[in-house]
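Notes to accompany the following structure.
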Amino acid sequence: AVLPTAQRYGMGVLTYSPLNGGWLSGRADQMASHRASGRPTLYDLAIPANQAKAEALRKLTALANEAGLPLPHLALAFVLSHPAITSVIIGPRTQEQLE
């Protein structure tokens, strides 16, 4: 609801973390990421919100595969192409993540 409303009223939208804290990074095992080690509940599937994220991840992965794109590219393409989004902070912590 936020993006259509912002677009309707000509408001700019600055998005942050379009890979959702690593959920859309394309990693096969998010728990292996260094970020998860400091935040044990980040990918805990006992949490209902994370279960919903895991289901969305499954569907988005299938969509990315169907489109022939890596999942991170699909996620970034959405925010970069959406007409309501005026800027994106991608938040890489390393040169490798930026590349």
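Letters A, B, ... go to the chains of the structure tokens in the order shown; residues in each chain start at 1; ligands are counted from 1 in the same order.
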
Please list as a ChimeraX atom specification every residue within 12 Å of range 73-90 of chain A, counting only C-alpha atoms and excluding residues in the same chain fewer than 6 positions away.
/A:1-26,57,60-67,97-99

Enumerate, as a ChimeraX atom specification, the complete set of residues in chain A that a backbone-based DSSP assignment places in alpha helix (DSSP H).
/A:2-8,34-38,48-67,71-81,95-98

Name the residues of chain A that fall into strand (DSSP E or B) according to DSSP on the backbone, using the chain letters and numbers of this document, as a PyMOL selection string.
chain A and resi 14-16+87-89

Would you output that residue set with all heavy atoms, as a PDB file, in the first residue's frame?
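The resulting file, part.pdb, is reproduced below:
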```pdb
ATOM      1  N   LEU A  14      12.774   6.220  -0.432  1.00  0.00           N
ATOM      2  CA  LEU A  14      14.135   5.725  -0.312  1.00  0.00           C
ATOM      3  C   LEU A  14      14.049   4.355   0.356  1.00  0.00           C
ATOM      4  O   LEU A  14      13.609   4.250   1.495  1.00  0.00           O
ATOM      5  CB  LEU A  14      14.981   6.672   0.544  1.00  0.00           C
ATOM      6  CG  LEU A  14      16.357   6.177   0.976  1.00  0.00           C
ATOM      7  CD1 LEU A  14      17.259   6.000  -0.231  1.00  0.00           C
ATOM      8  CD2 LEU A  14      16.963   7.143   1.966  1.00  0.00           C
ATOM      9  N   THR A  15      14.424   3.316  -0.359  1.00  0.00           N
ATOM     10  CA  THR A  15      14.349   1.965   0.201  1.00  0.00           C
ATOM     11  C   THR A  15      15.697   1.564   0.770  1.00  0.00           C
ATOM     12  O   THR A  15      16.744   2.042   0.336  1.00  0.00           O
ATOM     13  CB  THR A  15      13.913   0.924  -0.840  1.00  0.00           C
ATOM     14  OG1 THR A  15      14.888   0.887  -1.882  1.00  0.00           O
ATOM     15  CG2 THR A  15      12.563   1.248  -1.417  1.00  0.00           C
ATOM     16  N   TYR A  16      15.664   0.692   1.746  1.00  0.00           N
ATOM     17  CA  TYR A  16      16.866   0.188   2.378  1.00  0.00           C
ATOM     18  C   TYR A  16      16.781  -1.332   2.436  1.00  0.00           C
ATOM     19  O   TYR A  16      15.718  -1.888   2.683  1.00  0.00           O
ATOM     20  CB  TYR A  16      17.007   0.756   3.798  1.00  0.00           C
ATOM     21  CG  TYR A  16      18.169   0.153   4.543  1.00  0.00           C
ATOM     22  CD1 TYR A  16      19.468   0.532   4.243  1.00  0.00           C
ATOM     23  CD2 TYR A  16      17.973  -0.824   5.498  1.00  0.00           C
ATOM     24  CE1 TYR A  16      20.542  -0.029   4.897  1.00  0.00           C
ATOM     25  CE2 TYR A  16      19.038  -1.398   6.170  1.00  0.00           C
ATOM     26  CZ  TYR A  16      20.321  -0.991   5.873  1.00  0.00           C
ATOM     27  OH  TYR A  16      21.371  -1.568   6.508  1.00  0.00           O
ATOM     28  N   SER A  87      15.152   6.109  -4.812  1.00  0.00           N
ATOM     29  CA  SER A  87      16.539   5.802  -4.477  1.00  0.00           C
ATOM     30  C   SER A  87      16.593   4.524  -3.651  1.00  0.00           C
ATOM     31  O   SER A  87      15.628   4.155  -2.989  1.00  0.00           O
ATOM     32  CB  SER A  87      17.164   6.963  -3.697  1.00  0.00           C
ATOM     33  OG  SER A  87      18.547   6.747  -3.538  1.00  0.00           O
ATOM     34  N   VAL A  88      17.765   3.868  -3.693  1.00  0.00           N
ATOM     35  CA  VAL A  88      17.935   2.596  -2.994  1.00  0.00           C
ATOM     36  C   VAL A  88      19.266   2.596  -2.250  1.00  0.00           C
ATOM     37  O   VAL A  88      20.287   2.949  -2.820  1.00  0.00           O
ATOM     38  CB  VAL A  88      17.934   1.407  -3.991  1.00  0.00           C
ATOM     39  CG1 VAL A  88      18.109   0.083  -3.264  1.00  0.00           C
ATOM     40  CG2 VAL A  88      16.696   1.396  -4.843  1.00  0.00           C
ATOM     41  N   ILE A  89      19.235   2.215  -0.987  1.00  0.00           N
ATOM     42  CA  ILE A  89      20.459   1.965  -0.232  1.00  0.00           C
ATOM     43  C   ILE A  89      20.611   0.453  -0.179  1.00  0.00           C
ATOM     44  O   ILE A  89      19.796  -0.237   0.429  1.00  0.00           O
ATOM     45  CB  ILE A  89      20.373   2.536   1.199  1.00  0.00           C
ATOM     46  CG1 ILE A  89      20.209   4.053   1.148  1.00  0.00           C
ATOM     47  CG2 ILE A  89      21.620   2.148   1.997  1.00  0.00           C
ATOM     48  CD1 ILE A  89      19.960   4.687   2.495  1.00  0.00           C
TER      49      ILE A  89
END
```

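Reported to one decimal place, the separation of CA of Gly91 in chain A from CA of Ala56 in chain A is 21.5 Å.
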